[in-house]
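Student: I'm passing along upload-v8.txt; it holds compact mmCIF, C-alpha atoms and all ligand atoms.
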```
# COMPACT_ATOMS: atom_id res chain seq x y z
CA MET A 1486 148.62 241.26 135.79
CA ASP A 1487 148.91 238.88 138.70
CA SER A 1488 151.04 235.78 138.68
CA LEU A 1489 149.32 232.74 137.18
CA LEU A 1490 151.24 230.35 139.42
CA ASN A 1491 149.07 227.87 141.26
CA LYS A 1492 149.50 228.77 144.93
CA SER A 1493 148.26 225.40 146.10
CA ARG A 1494 150.81 223.54 143.96
CA PRO A 1495 154.12 225.48 144.01
CA PRO A 1496 156.89 224.26 141.68
CA VAL A 1497 158.79 221.33 143.19
CA PHE A 1498 162.00 220.18 141.54
CA CYS A 1499 165.36 218.92 142.87
CA PRO A 1500 167.43 221.70 144.48
CA GLY A 1501 169.12 223.78 141.76
CA CYS A 1502 167.04 222.34 138.92
CA GLY A 1503 166.95 224.62 135.89
CA HIS A 1504 163.26 223.88 135.32
CA GLU A 1505 162.16 226.08 138.20
CA ILE A 1506 163.79 229.13 136.58
CA VAL A 1507 161.82 228.42 133.42
CA VAL A 1508 158.53 228.11 135.35
CA ARG A 1509 159.04 231.56 136.84
CA ALA A 1510 160.19 233.08 133.52
CA LEU A 1511 157.13 231.68 131.78
CA ASP A 1512 154.90 233.15 134.47
CA ARG A 1513 156.55 236.56 134.00
CA ALA A 1514 156.08 236.30 130.22
CA PHE A 1515 152.34 235.68 130.75
CA GLN A 1516 152.15 238.62 133.16
CA ASN A 1517 153.96 240.94 130.72
CA MET A 1518 151.49 239.97 128.03
CA GLY A 1519 148.59 240.72 130.37
CA LEU A 1520 147.16 237.25 129.90
CA ASP A 1521 144.47 235.72 132.01
CA GLY A 1522 144.61 231.97 132.77
CA ASN A 1523 141.56 231.42 130.58
CA GLN A 1524 143.47 232.69 127.56
CA ILE A 1525 146.25 230.11 127.85
CA CYS A 1526 146.48 226.38 127.40
CA LEU A 1527 149.61 224.69 128.72
CA VAL A 1528 150.22 221.33 127.12
CA SER A 1529 152.86 219.21 128.78
CA ASP A 1530 154.81 216.12 127.79
CA ILE A 1531 156.10 213.42 130.16
CA GLY A 1532 159.09 213.93 132.44
CA CYS A 1533 160.04 216.67 134.86
CA SER A 1534 159.00 219.34 132.33
CA GLY A 1535 155.69 217.49 132.16
CA LEU A 1536 154.84 218.88 135.59
CA PHE A 1537 154.57 222.44 134.27
CA ASP A 1538 150.84 222.43 133.69
CA THR A 1539 150.16 221.63 137.34
CA PHE A 1540 152.00 224.76 138.49
CA PHE A 1541 149.80 227.24 136.62
CA ASN A 1542 146.19 228.32 136.83
CA THR A 1543 145.52 227.95 133.13
CA HIS A 1544 143.81 225.45 130.85
CA ALA A 1545 146.00 222.37 130.69
CA PHE A 1546 146.51 219.07 128.94
CA HIS A 1547 148.98 216.35 129.93
CA GLY A 1548 149.43 213.50 127.46
CA LEU A 1549 151.66 210.66 126.34
CA HIS A 1550 155.42 210.81 126.10
CA GLY A 1551 156.66 212.55 122.95
CA ARG A 1552 153.16 213.43 121.71
CA VAL A 1553 152.80 216.91 123.16
CA LEU A 1554 152.79 218.59 119.75
CA THR A 1555 149.93 216.45 118.49
CA TYR A 1556 147.68 217.59 121.34
CA ALA A 1557 148.87 221.18 121.16
CA THR A 1558 148.20 221.32 117.42
CA GLY A 1559 144.68 219.98 117.83
CA ILE A 1560 143.91 222.36 120.67
CA LYS A 1561 145.19 225.38 118.75
CA LEU A 1562 143.27 224.49 115.59
CA CYS A 1563 140.05 224.01 117.58
CA ARG A 1564 140.52 227.02 119.83
CA PRO A 1565 142.62 229.53 117.84
CA GLU A 1566 141.93 232.28 120.38
CA LEU A 1567 144.02 230.46 123.03
CA HIS A 1568 147.74 230.97 123.52
CA VAL A 1569 148.96 227.38 123.38
CA VAL A 1570 152.32 226.70 124.99
CA ALA A 1571 153.77 223.17 124.91
CA THR A 1572 156.56 222.02 127.21
CA MET A 1573 158.77 219.07 126.43
CA GLY A 1574 162.09 217.66 127.63
CA ASP A 1575 164.90 216.26 125.54
CA GLY A 1576 163.51 212.78 126.31
CA GLY A 1577 160.18 213.61 124.68
CA LEU A 1578 162.04 215.33 121.86
CA GLY A 1579 163.72 212.06 120.92
CA ILE A 1580 160.56 209.99 121.34
CA GLY A 1581 158.33 212.38 119.39
CA GLY A 1582 160.83 213.73 116.88
CA ALA A 1583 158.58 213.08 113.88
CA HIS A 1584 155.89 215.27 115.45
CA LEU A 1585 158.42 218.08 115.76
CA LEU A 1586 159.28 217.79 112.06
CA ALA A 1587 155.58 217.89 111.13
CA ALA A 1588 154.98 220.93 113.36
CA CYS A 1589 157.93 222.77 111.80
CA ARG A 1590 156.61 222.10 108.30
CA ARG A 1591 153.08 223.04 109.28
CA ASN A 1592 153.55 226.34 111.10
CA VAL A 1593 150.61 226.29 113.51
CA ASN A 1594 150.67 229.31 115.81
CA LEU A 1595 151.86 227.68 119.01
CA THR A 1596 154.98 227.81 121.15
CA LEU A 1597 157.14 224.84 122.03
CA LEU A 1598 159.54 225.13 124.96
CA VAL A 1599 162.08 222.31 124.88
CA LEU A 1600 163.76 222.06 128.27
CA ASN A 1601 166.99 220.42 127.25
CA ASN A 1602 169.04 219.12 130.19
CA PHE A 1603 170.74 216.33 128.22
CA ASN A 1604 169.21 213.31 129.93
CA PHE A 1605 166.03 211.57 131.09
CA GLY A 1606 166.04 213.12 134.56
CA MET A 1607 162.79 211.74 135.94
CA THR A 1608 163.60 208.10 135.22
CA GLY A 1609 167.15 208.10 136.56
CA GLY A 1610 169.48 209.89 134.17
CA GLN A 1611 169.51 207.73 131.05
CA CYS A 1612 170.79 209.14 127.77
CA SER A 1613 168.42 211.07 125.55
CA ALA A 1614 168.58 212.33 121.97
CA THR A 1615 170.70 215.33 123.05
CA THR A 1616 173.14 213.65 125.47
CA PRO A 1617 176.73 214.43 124.44
CA SER A 1618 178.62 211.34 123.28
CA GLN A 1619 181.24 211.62 126.01
CA ALA A 1620 178.81 212.17 128.91
CA GLU A 1621 178.53 209.67 131.77
CA VAL A 1622 174.92 208.61 132.12
CA ALA A 1623 172.88 205.89 133.79
CA SER A 1624 172.39 203.95 130.58
CA GLY A 1625 176.04 202.97 130.27
CA PHE A 1626 177.87 203.40 126.99
CA LEU A 1627 174.84 203.81 124.73
CA ASN A 1628 175.26 207.55 124.19
CA ARG A 1629 178.78 206.94 122.89
CA LEU A 1630 177.26 205.19 119.91
CA ASP A 1631 174.86 207.99 118.93
CA LYS A 1632 175.43 211.47 117.64
CA PRO A 1633 173.56 214.01 119.78
CA LEU A 1634 170.72 215.79 118.03
CA ASP A 1635 171.20 219.50 117.34
CA LEU A 1636 167.60 220.65 117.78
CA HIS A 1637 168.22 224.14 116.40
CA SER A 1638 169.66 222.90 113.09
CA VAL A 1639 167.06 220.19 112.70
CA ALA A 1640 164.11 222.51 113.37
CA VAL A 1641 165.37 225.17 110.95
CA ALA A 1642 166.04 222.53 108.29
CA ALA A 1643 162.51 221.17 108.83
CA GLY A 1644 160.97 224.60 108.23
CA ALA A 1645 160.50 226.14 111.68
CA ALA A 1646 159.50 229.77 111.20
CA TYR A 1647 160.95 230.75 114.60
CA MET A 1648 163.81 229.06 116.42
CA ALA A 1649 165.84 230.10 119.43
CA SER A 1650 168.37 228.20 121.52
CA ILE A 1651 169.11 229.95 124.78
CA SER A 1652 170.51 229.33 128.22
CA GLY A 1653 167.96 228.98 130.99
CA TYR A 1654 170.27 231.16 133.09
CA ARG A 1655 170.36 234.06 130.70
CA LYS A 1656 169.01 237.39 131.85
CA GLY A 1657 165.77 238.22 130.13
CA LEU A 1658 164.66 234.60 129.67
CA ASN A 1659 161.07 235.75 130.20
CA ARG A 1660 161.35 238.24 127.33
CA ALA A 1661 162.74 235.55 125.03
CA ILE A 1662 159.77 233.32 125.88
CA GLU A 1663 157.35 236.21 125.44
CA GLU A 1664 158.75 237.00 121.99
CA ALA A 1665 158.20 233.38 120.95
CA ILE A 1666 154.62 233.37 122.29
CA ARG A 1667 153.87 236.61 120.44
CA PHE A 1668 155.23 235.18 117.18
CA ASP A 1669 152.46 234.38 114.70
CA GLY A 1670 153.50 230.86 113.75
CA PHE A 1671 155.25 227.81 115.18
CA ALA A 1672 157.97 229.02 117.56
CA VAL A 1673 160.48 226.66 119.12
CA VAL A 1674 162.57 227.75 122.08
CA GLU A 1675 165.25 225.35 123.23
CA ILE A 1676 166.16 226.21 126.82
CA LEU A 1677 169.40 224.62 127.94
CA GLY A 1678 169.50 223.87 131.63
CA ILE A 1679 171.09 221.81 134.34
CA CYS A 1680 169.71 218.67 135.96
CA PRO A 1681 171.57 218.48 139.28
CA GLY A 1682 169.43 215.56 140.41
CA ARG A 1683 170.92 213.28 137.73
CA TYR A 1684 173.11 214.74 135.02
CA THR A 1685 175.59 216.92 136.89
CA ARG A 1686 176.22 214.20 139.48
CA ARG A 1687 178.51 212.65 136.88
CA ASN A 1688 179.11 215.46 134.39
CA LYS A 1689 180.43 218.98 134.67
CA LEU A 1690 177.94 221.45 133.33
CA THR A 1691 177.59 225.04 134.47
CA PRO A 1692 175.71 228.06 133.13
CA LYS A 1693 179.08 229.32 131.83
CA VAL A 1694 179.71 226.08 129.92
CA ILE A 1695 176.22 226.28 128.44
CA GLU A 1696 176.86 229.84 127.24
CA GLU A 1697 180.19 228.80 125.75
CA GLU A 1698 178.66 225.90 123.89
CA LEU A 1699 175.87 228.09 122.53
CA ALA A 1700 178.42 230.68 121.40
CA GLU A 1701 180.46 227.97 119.71
CA LYS A 1702 177.44 226.75 117.74
CA GLY A 1703 176.61 230.31 116.74
CA HIS A 1704 172.96 229.69 116.01
CA LYS A 1705 170.86 232.69 115.11
CA ASN A 1706 167.81 233.16 117.32
CA GLY A 1707 164.40 234.51 116.31
CA PRO A 1708 162.28 234.39 113.15
CA VAL A 1709 163.78 232.39 110.28
CA PRO A 1710 163.08 234.52 107.17
CA SER A 1711 163.68 231.67 104.73
CA ASN A 1712 160.99 229.62 106.52
CA ALA A 1713 158.40 232.40 106.73
CA GLY A 1714 154.96 231.40 105.49
CA PRO A 1715 151.27 231.61 106.28
CA GLU A 1716 150.10 230.44 109.68
CA TYR A 1717 148.50 227.02 109.20
CA GLY A 1718 145.26 227.58 111.14
CA TRP A 1719 144.54 230.83 109.30
CA ALA A 1720 145.36 229.28 105.91
CA TYR A 1721 143.27 226.21 106.75
CA ARG A 1722 140.26 228.33 107.61
CA GLN A 1723 140.68 230.39 104.42
CA LEU A 1724 140.84 227.33 102.19
CA SER A 1725 138.19 225.32 103.98
CA SER A 1726 135.71 228.19 103.89
CA SER A 1727 136.01 228.28 100.09
CA GLN A 1728 135.23 224.56 99.72
CA GLU A 1729 131.84 223.07 98.95
CA PRO A 1730 130.40 221.81 102.23
CA ALA A 1731 130.63 218.04 102.59
CA GLU A 1732 127.41 216.23 101.89
CA THR A 1733 125.62 215.33 105.09
CA PRO A 1734 124.14 211.85 105.15
CA THR A 1735 120.39 211.98 104.73
CA ALA A 1736 118.12 209.74 106.71
CA ILE A 1737 116.13 207.19 104.80
CA GLU A 1738 112.52 206.97 105.79
CA ALA A 1739 111.08 203.59 106.68
CA VAL A 1740 107.89 203.70 104.61
CA LEU A 1741 107.70 200.10 103.40
CA LYS A 1742 107.03 196.72 104.94
CA PRO A 1743 109.87 194.16 104.85
CA LEU A 1744 109.52 191.06 102.75
CA THR A 1745 110.02 188.80 105.74
CA ALA A 1746 110.15 189.15 109.51
CA ALA A 1747 113.17 186.81 109.69
CA ARG A 1748 116.78 187.99 109.79
CA GLN A 1749 118.52 187.66 106.42
CA ASP A 1750 122.28 187.29 105.95
CA VAL A 1751 123.60 188.03 102.47
CA ILE A 1752 127.13 187.60 101.15
CA ILE A 1753 128.13 189.13 97.82
CA LEU A 1754 131.22 187.45 96.38
CA GLY A 1755 132.63 189.43 93.47
CA ALA A 1756 135.75 191.03 92.13
CA ALA A 1757 137.19 194.54 92.16
CA GLY A 1758 135.37 196.74 89.64
CA GLN A 1759 132.04 194.94 89.99
CA GLN A 1760 130.45 197.56 92.28
CA VAL A 1761 130.08 194.96 95.02
CA ILE A 1762 130.33 197.49 97.84
CA THR A 1763 127.84 199.82 96.11
CA ALA A 1764 125.44 196.91 95.66
CA GLY A 1765 125.86 196.12 99.36
CA ARG A 1766 124.99 199.70 100.24
CA LEU A 1767 121.91 199.58 98.05
CA LEU A 1768 120.81 196.35 99.69
CA GLY A 1769 121.30 197.96 103.10
CA LEU A 1770 119.31 201.04 102.08
CA ALA A 1771 116.56 198.83 100.71
CA ALA A 1772 116.35 197.12 104.09
CA MET A 1773 116.31 200.45 105.92
CA ALA A 1774 113.49 201.66 103.68
CA ALA A 1775 111.52 198.79 105.23
CA GLY A 1776 112.54 199.67 108.78
CA LEU A 1777 115.17 196.94 109.20
CA HIS A 1778 118.47 197.17 111.06
CA VAL A 1779 121.51 196.63 108.83
CA THR A 1780 125.22 195.95 109.13
CA GLN A 1781 127.62 195.81 106.21
CA LYS A 1782 131.13 194.42 106.38
CA ASN A 1783 133.38 194.77 103.34
CA ASP A 1784 136.48 192.84 102.44
CA TYR A 1785 138.77 193.73 99.54
CA ASP A 1786 142.45 193.79 98.78
CA ILE A 1787 144.57 196.91 98.64
CA THR A 1788 144.69 196.58 94.85
CA VAL A 1789 142.35 198.36 92.45
CA LEU A 1790 140.71 196.57 89.51
CA ARG A 1791 142.16 193.27 90.71
CA GLY A 1792 141.36 190.81 93.47
CA PRO A 1793 138.23 189.85 95.39
CA SER A 1794 135.57 192.27 96.56
CA ILE A 1795 133.13 191.03 99.16
CA ALA A 1796 130.23 192.58 101.02
CA GLU A 1797 128.50 190.85 103.93
CA LEU A 1798 125.16 192.22 105.05
CA ILE A 1799 122.86 191.37 107.90
CA LEU A 1800 119.27 192.62 107.59
CA SER A 1801 117.32 192.21 110.78
CA PRO A 1802 114.10 193.43 112.38
CA GLY A 1803 115.93 193.38 115.74
CA GLU A 1804 119.18 195.03 116.78
CA ILE A 1805 122.35 193.36 115.51
CA ASP A 1806 124.83 192.83 118.33
CA TYR A 1807 127.54 191.06 116.38
CA PRO A 1808 128.00 191.56 112.62
CA GLU A 1809 129.25 188.09 111.77
CA ILE A 1810 127.60 185.65 109.36
CA ASP A 1811 127.81 181.93 110.14
CA LYS A 1812 125.28 180.59 107.71
CA PRO A 1813 124.16 182.96 104.95
CA SER A 1814 120.57 183.13 103.70
CA VAL A 1815 121.81 184.14 100.25
CA ILE A 1816 125.20 184.00 98.53
CA LEU A 1817 125.71 185.96 95.33
CA ALA A 1818 128.58 184.21 93.49
CA LEU A 1819 129.62 186.75 90.88
CA ALA A 1820 133.35 186.25 90.35
CA ALA A 1821 135.96 183.53 90.83
CA GLU A 1822 138.07 185.83 93.07
CA GLY A 1823 135.33 186.34 95.65
CA VAL A 1824 134.28 182.69 95.57
CA ALA A 1825 137.90 181.58 96.13
CA ARG A 1826 138.27 183.93 99.13
CA ARG A 1827 135.17 182.46 100.85
CA LYS A 1828 135.11 178.95 99.40
CA ASN A 1829 134.54 177.35 102.81
CA ILE A 1830 131.16 178.95 103.20
CA PHE A 1831 129.73 176.79 100.40
CA GLY A 1832 130.61 173.58 102.24
CA SER A 1833 128.86 174.68 105.43
CA ALA A 1834 125.69 175.87 103.64
CA ASP A 1835 122.58 173.67 103.55
CA GLU A 1836 119.27 173.87 101.73
CA SER A 1837 118.21 176.91 103.71
CA THR A 1838 120.80 178.91 101.74
CA LEU A 1839 120.18 180.14 98.21
CA VAL A 1840 123.19 180.66 95.93
CA ILE A 1841 122.65 183.00 93.01
CA GLN A 1842 125.46 181.94 90.73
CA ALA A 1843 126.59 183.95 87.73
CA SER A 1844 126.82 181.63 84.74
CA GLY A 1845 130.49 180.85 84.05
CA VAL A 1846 131.59 181.31 87.68
CA SER A 1847 132.45 177.96 89.29
CA ILE A 1848 131.49 177.33 92.89
CA PRO A 1849 132.58 174.55 95.28
CA GLU A 1850 130.28 171.64 96.00
CA THR A 1851 127.38 172.69 98.18
CA LYS A 1852 124.10 171.46 99.61
CA ALA A 1853 122.63 174.92 99.11
CA ARG A 1854 119.98 175.58 96.50
CA VAL A 1855 121.58 177.12 93.43
CA GLN A 1856 120.00 179.49 90.93
CA VAL A 1857 122.13 180.18 87.87
CA VAL A 1858 121.75 183.54 86.16
CA ASP A 1859 123.27 184.15 82.74
CA PHE A 1860 124.13 187.84 83.03
CA MET A 1861 125.98 187.78 79.72
CA ALA A 1862 122.89 186.57 77.94
CA LEU A 1863 121.18 189.59 79.49
CA ASP A 1864 123.77 191.71 77.69
CA LEU A 1865 125.30 192.92 80.95
CA LYS A 1866 128.95 193.70 81.57
CA ALA A 1867 130.56 192.14 84.65
CA GLN A 1868 130.73 195.58 86.31
CA ASP A 1869 126.92 195.61 86.50
CA TRP A 1870 126.43 192.06 87.77
CA ALA A 1871 126.27 192.93 91.46
CA LEU A 1872 123.57 195.55 90.88
CA ALA A 1873 121.82 193.22 88.48
CA ALA A 1874 121.86 190.49 91.14
CA LEU A 1875 119.88 192.80 93.41
CA ALA A 1876 117.29 193.10 90.66
CA VAL A 1877 117.23 189.31 90.44
CA MET A 1878 116.57 189.15 94.18
CA ALA A 1879 113.87 191.81 94.05
CA GLU A 1880 112.18 190.23 91.04
CA SER A 1881 112.12 186.78 92.63
CA GLY A 1882 111.16 188.04 96.11
CA THR A 1883 114.41 186.97 97.73
CA VAL A 1884 115.28 189.03 100.85
CA ILE A 1885 113.88 192.23 99.27
CA HIS A 1886 110.97 193.21 97.08
CA LYS A 1887 110.94 195.67 94.17
CA PRO A 1888 109.64 198.77 96.02
CA MET A 1889 112.45 198.30 98.60
CA LEU A 1890 115.06 198.27 95.83
CA GLN A 1891 113.46 201.24 94.07
CA ALA A 1892 113.43 203.25 97.30
CA ALA A 1893 117.12 202.48 97.84
CA ILE A 1894 118.06 203.51 94.31
CA ALA A 1895 116.10 206.77 94.56
CA HIS A 1896 117.82 207.53 97.87
CA ARG A 1897 121.35 206.66 96.75
CA PHE A 1898 121.49 208.12 93.22
CA LYS A 1899 120.64 211.50 91.80
CA GLY A 1900 120.44 213.03 88.28
CA LYS A 1901 122.12 211.12 85.45
CA ALA A 1902 123.39 208.38 87.75
CA LEU A 1903 119.83 207.71 88.89
CA VAL A 1904 118.63 207.46 85.30
CA GLY A 1905 121.53 205.13 84.40
CA ILE A 1906 121.04 202.77 87.33
CA ARG A 1907 117.29 202.64 86.79
CA GLU A 1908 117.90 201.63 83.17
CA VAL A 1909 120.11 198.73 84.24
CA ILE A 1910 117.68 197.53 86.89
CA ASP A 1911 114.62 197.92 84.64
CA LYS A 1912 116.37 196.04 81.87
CA ILE A 1913 117.10 193.13 84.20
CA ILE A 1914 113.61 193.03 85.60
CA ASP A 1915 112.11 193.14 82.09
CA ARG A 1916 114.29 190.36 80.85
CA LEU A 1917 113.89 188.24 83.93
CA SER A 1918 110.15 188.47 83.47
CA GLY A 1919 110.78 186.91 80.00
CA PRO A 1920 111.58 183.23 79.36
CA THR A 1921 114.46 181.03 80.57
CA GLN A 1922 117.22 183.35 81.69
CA THR A 1923 117.68 181.61 85.00
CA GLY A 1924 117.77 178.00 86.08
CA SER A 1925 118.62 175.70 88.94
CA GLY A 1926 122.19 174.45 89.20
S1 LIG A 2001 165.62 215.00 137.98
FE1 LIG A 2001 166.70 216.68 137.03
S2 LIG A 2001 165.17 217.65 135.73
FE2 LIG A 2001 164.09 216.37 137.19
S3 LIG A 2001 163.60 217.72 138.86
FE3 LIG A 2001 165.50 216.74 139.39
S4 LIG A 2001 167.06 218.13 138.65
FE4 LIG A 2001 165.17 218.72 137.69
```
Show me this structure written as structure tokens.
Tutor:
Amino acid sequence: MDSLLNKSRPPVFCPGCGHEIVVRALDRAFQNMGLDGNQICLVSDIGCSGLFDTFFNTHAFHGLHGRVLTYATGIKLCRPELHVVATMGDGGLGIGGAHLLAACRRNVNLTLLVLNNFNFGMTGGQCSATTPSQAEVASGFLNRLDKPLDLHSVAVAAGAAYMASISGYRKGLNRAIEEAIRFDGFAVVEILGICPGRYTRRNKLTPKVIEEELAEKGHKNGPVPSNAGPEYGWAYRQLSSSQEPAETPTAIEAVLKPLTAARQDVIILGAAGQQVITAGRLLGLAAMAAGLHVTQKNDYDITVLRGPSIAELILSPGEIDYPEIDKPSVILALAAEGVARRKNIFGSADESTLVIQASGVSIPETKARVQVVDFMALDLKAQDWALAALAVMAESGTVIHKPMLQAAIAHRFKGKALVGIREVIDKIIDRLSGPTQTGSG
């Protein structure tokens, strides 16, 4: 195969930079594997090693500092047929260390080349995560306070299925890179090199010293048997293909006429466990069944079964540019928690607003019209009050009418749930049609 180097953009680094050796070794690895540029995606980090993708005629992606593995993972999972090779310096390694740990645990079939030259070369020679404590660097004494990161040990401890730490000056660098690319899983190759532009201006580092240091550490290169496991993309596809497909949202047909041509803003003030959000969805579906535009904004605490639960809906014949309610048409006051969270809205409401107030729930002073509904007298548990309030609205012709609510229920619920919800709604409508269950506050 021909070289994949980009003839119009030859590698340009400082004289003697170790990165250029790696560019040429990577090109030879691609040639040995017989790869075409269309079969490769080079994903580069920031820094001098971040220039790699510009030197090759392959697919390429250049992203934010330290995030190279996030992009590479996404690309490989979407396009498993590509050979994805990520390049990163020791600067990006420190910045994006958590992504490295995740990639080691995950074992996606991609190759990470970490070009470790012990400093941030591109920005002036500041210390990085791998700078030795005694090195002289542009960031003063800071590296003396940190322990340098041993990438090999960390990656193996994090679960890397393939790990190699090698000198960029070693003979056969291209074969070492090729072996990592051919590995079916996440392969990390740390390539130790020299940055004459910055690092070796103040520190003595030669290929011989690099070899000695590697020998002293005694790391074992290649597959890590204790970390062997299924390749993530393959396993993901196996598992996902055995899952039930996710339900696709179905469109609701606009077959009804709305109750009114005016925009209606509804706020449901309830508590966790009262199905406030579900009631909001039903109200929205009811509006859509009549061809209206709808927005729904929910507000609830992080807690379950405790705290306020609020749904704000705008139902409009025209498009809704901004989903904010200043003056509601209707407030459903169903629980003290929700009322307390939005107490100010009662003070700003006037007679154009209707408050449907659950009996027993106090509300602040208001000029709004108030309709009290005794849900307990209707033999309803608090968890059904929000749905029941919709029935109250439909029965009294407030915002929606009954066919709109019925269309929403039929769209939202199926089987037993549909039967159950219809029973609740029918019960309310029956009883509301009877005497004195509601009154003005
Ligand atoms: S600053 Fe260092 S790493 Fe960057 S090109 Fe120059 S020698 Fe190479």
Student: What residues of the protein or nucleic acid chains come within 8 Å of ligand LIG 2001 (chain A) when you use all atoms listed in the file? Reply as a VMD selection string.
Tutor: chain A and resid 1497 to 1505 1532 to 1534 1602 1605 to 1610 1679 to 1684
Student: Would you mind exporting C-alpha atoms of the selected residues as a tab-separated table (two decimals), keeping the file's coordinate frame?
Tutor:
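Written file, part11.tsv:
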```
chain	number	residue	atom	x	y	z
A	1497	VAL	CA	158.79	221.33	143.19
A	1498	PHE	CA	162.00	220.18	141.54
A	1499	CYS	CA	165.36	218.92	142.87
A	1500	PRO	CA	167.43	221.70	144.48
A	1501	GLY	CA	169.12	223.78	141.76
A	1502	CYS	CA	167.04	222.34	138.92
A	1503	GLY	CA	166.95	224.62	135.89
A	1504	HIS	CA	163.26	223.88	135.32
A	1505	GLU	CA	162.16	226.08	138.20
A	1532	GLY	CA	159.09	213.93	132.44
A	1533	CYS	CA	160.04	216.67	134.86
A	1534	SER	CA	159.00	219.34	132.33
A	1602	ASN	CA	169.04	219.12	130.19
A	1605	PHE	CA	166.03	211.57	131.09
A	1606	GLY	CA	166.04	213.12	134.56
A	1607	MET	CA	162.79	211.74	135.94
A	1608	THR	CA	163.60	208.10	135.22
A	1609	GLY	CA	167.15	208.10	136.56
A	1610	GLY	CA	169.48	209.89	134.17
A	1679	ILE	CA	171.09	221.81	134.34
A	1680	CYS	CA	169.71	218.67	135.96
A	1681	PRO	CA	171.57	218.48	139.28
A	1682	GLY	CA	169.43	215.56	140.41
A	1683	ARG	CA	170.92	213.28	137.73
A	1684	TYR	CA	173.11	214.74	135.02
```
Student: Find the residues near range 1588-1598 of chain A: any atom within 8 Å, counting only C-alpha atoms, skip ones fewer than 3 places away on the same chain, and give them as a ChimeraX atom specification.
Tutor: /A:1554,1557-1558,1561-1562,1568-1573,1584-1585,1640-1641,1643-1646,1665-1666,1668-1676,1714-1718
Student: Only C-alpha atoms, please: the residues just picked out, written as a PDB file, in the frame of the given file.
Tutor:
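The resulting file, out.pdb, is reproduced below:
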```pdb
ATOM      1  CA  LEU A1554     152.790 218.590 119.750  1.00  0.00           C
ATOM      2  CA  ALA A1557     148.870 221.180 121.160  1.00  0.00           C
ATOM      3  CA  THR A1558     148.200 221.320 117.420  1.00  0.00           C
ATOM      4  CA  LYS A1561     145.190 225.380 118.750  1.00  0.00           C
ATOM      5  CA  LEU A1562     143.270 224.490 115.590  1.00  0.00           C
ATOM      6  CA  HIS A1568     147.740 230.970 123.520  1.00  0.00           C
ATOM      7  CA  VAL A1569     148.960 227.380 123.380  1.00  0.00           C
ATOM      8  CA  VAL A1570     152.320 226.700 124.990  1.00  0.00           C
ATOM      9  CA  ALA A1571     153.770 223.170 124.910  1.00  0.00           C
ATOM     10  CA  THR A1572     156.560 222.020 127.210  1.00  0.00           C
ATOM     11  CA  MET A1573     158.770 219.070 126.430  1.00  0.00           C
ATOM     12  CA  HIS A1584     155.890 215.270 115.450  1.00  0.00           C
ATOM     13  CA  LEU A1585     158.420 218.080 115.760  1.00  0.00           C
ATOM     14  CA  ALA A1640     164.110 222.510 113.370  1.00  0.00           C
ATOM     15  CA  VAL A1641     165.370 225.170 110.950  1.00  0.00           C
ATOM     16  CA  ALA A1643     162.510 221.170 108.830  1.00  0.00           C
ATOM     17  CA  GLY A1644     160.970 224.600 108.230  1.00  0.00           C
ATOM     18  CA  ALA A1645     160.500 226.140 111.680  1.00  0.00           C
ATOM     19  CA  ALA A1646     159.500 229.770 111.200  1.00  0.00           C
ATOM     20  CA  ALA A1665     158.200 233.380 120.950  1.00  0.00           C
ATOM     21  CA  ILE A1666     154.620 233.370 122.290  1.00  0.00           C
ATOM     22  CA  PHE A1668     155.230 235.180 117.180  1.00  0.00           C
ATOM     23  CA  ASP A1669     152.460 234.380 114.700  1.00  0.00           C
ATOM     24  CA  GLY A1670     153.500 230.860 113.750  1.00  0.00           C
ATOM     25  CA  PHE A1671     155.250 227.810 115.180  1.00  0.00           C
ATOM     26  CA  ALA A1672     157.970 229.020 117.560  1.00  0.00           C
ATOM     27  CA  VAL A1673     160.480 226.660 119.120  1.00  0.00           C
ATOM     28  CA  VAL A1674     162.570 227.750 122.080  1.00  0.00           C
ATOM     29  CA  GLU A1675     165.250 225.350 123.230  1.00  0.00           C
ATOM     30  CA  ILE A1676     166.160 226.210 126.820  1.00  0.00           C
ATOM     31  CA  GLY A1714     154.960 231.400 105.490  1.00  0.00           C
ATOM     32  CA  PRO A1715     151.270 231.610 106.280  1.00  0.00           C
ATOM     33  CA  GLU A1716     150.100 230.440 109.680  1.00  0.00           C
ATOM     34  CA  TYR A1717     148.500 227.020 109.200  1.00  0.00           C
ATOM     35  CA  GLY A1718     145.260 227.580 111.140  1.00  0.00           C
TER      36      GLY A1718
END
```
Student: Ranking A:Leu1800, A:Ile1805, A:Ile1894, A:Ala1623 by minimum distance to Leu1872 in chain A and counting all atoms listed in the file, which one comes first?
Tutor: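 Among A:Leu1800, A:Ile1805, A:Ile1894, A:Ala1623, it is A:Ile1894 that comes nearest to Leu1872 in chain A.
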Student: Please compute the CA of Pro1808 in chain A-CA of Lys1782 in chain A distance, one decimal, in Å.
Tutor: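 CA of Lys1782 in chain A lies at a distance of 7.5 Å from CA of Pro1808 in chain A.
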Student: What is the distance, in Å and to one decimal place, between CA of Ala1772 in chain A and CA of Lys1887 in chain A?
Tutor: 11.4 Å
Student: How many Å separate CA of His1550 in chain A from CA of Ile1531 in chain A?
Tutor: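 Taking CA of His1550 in chain A as the start and CA of Ile1531 in chain A as the end point, the length is 4.9 Å.
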Student: Which is closer to Leu1690 in chain A than all the others in A:Thr1851, A:Ser1652, A:Gln1759, A:Ser1726, using all atoms listed in the file?
Tutor: A:Ser1652
Student: Of the candidates A:Ala1867, A:Val1855, A:Ala1614, A:Ser1918, which shows the shortest atom-to-atom distance to Ser1881 in chain A, using all atoms listed in the file?
Tutor: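 Of A:Ala1867, A:Val1855, A:Ala1614, A:Ser1918, the one nearest Ser1881 in chain A is A:Ser1918, counting all atoms listed in the file.
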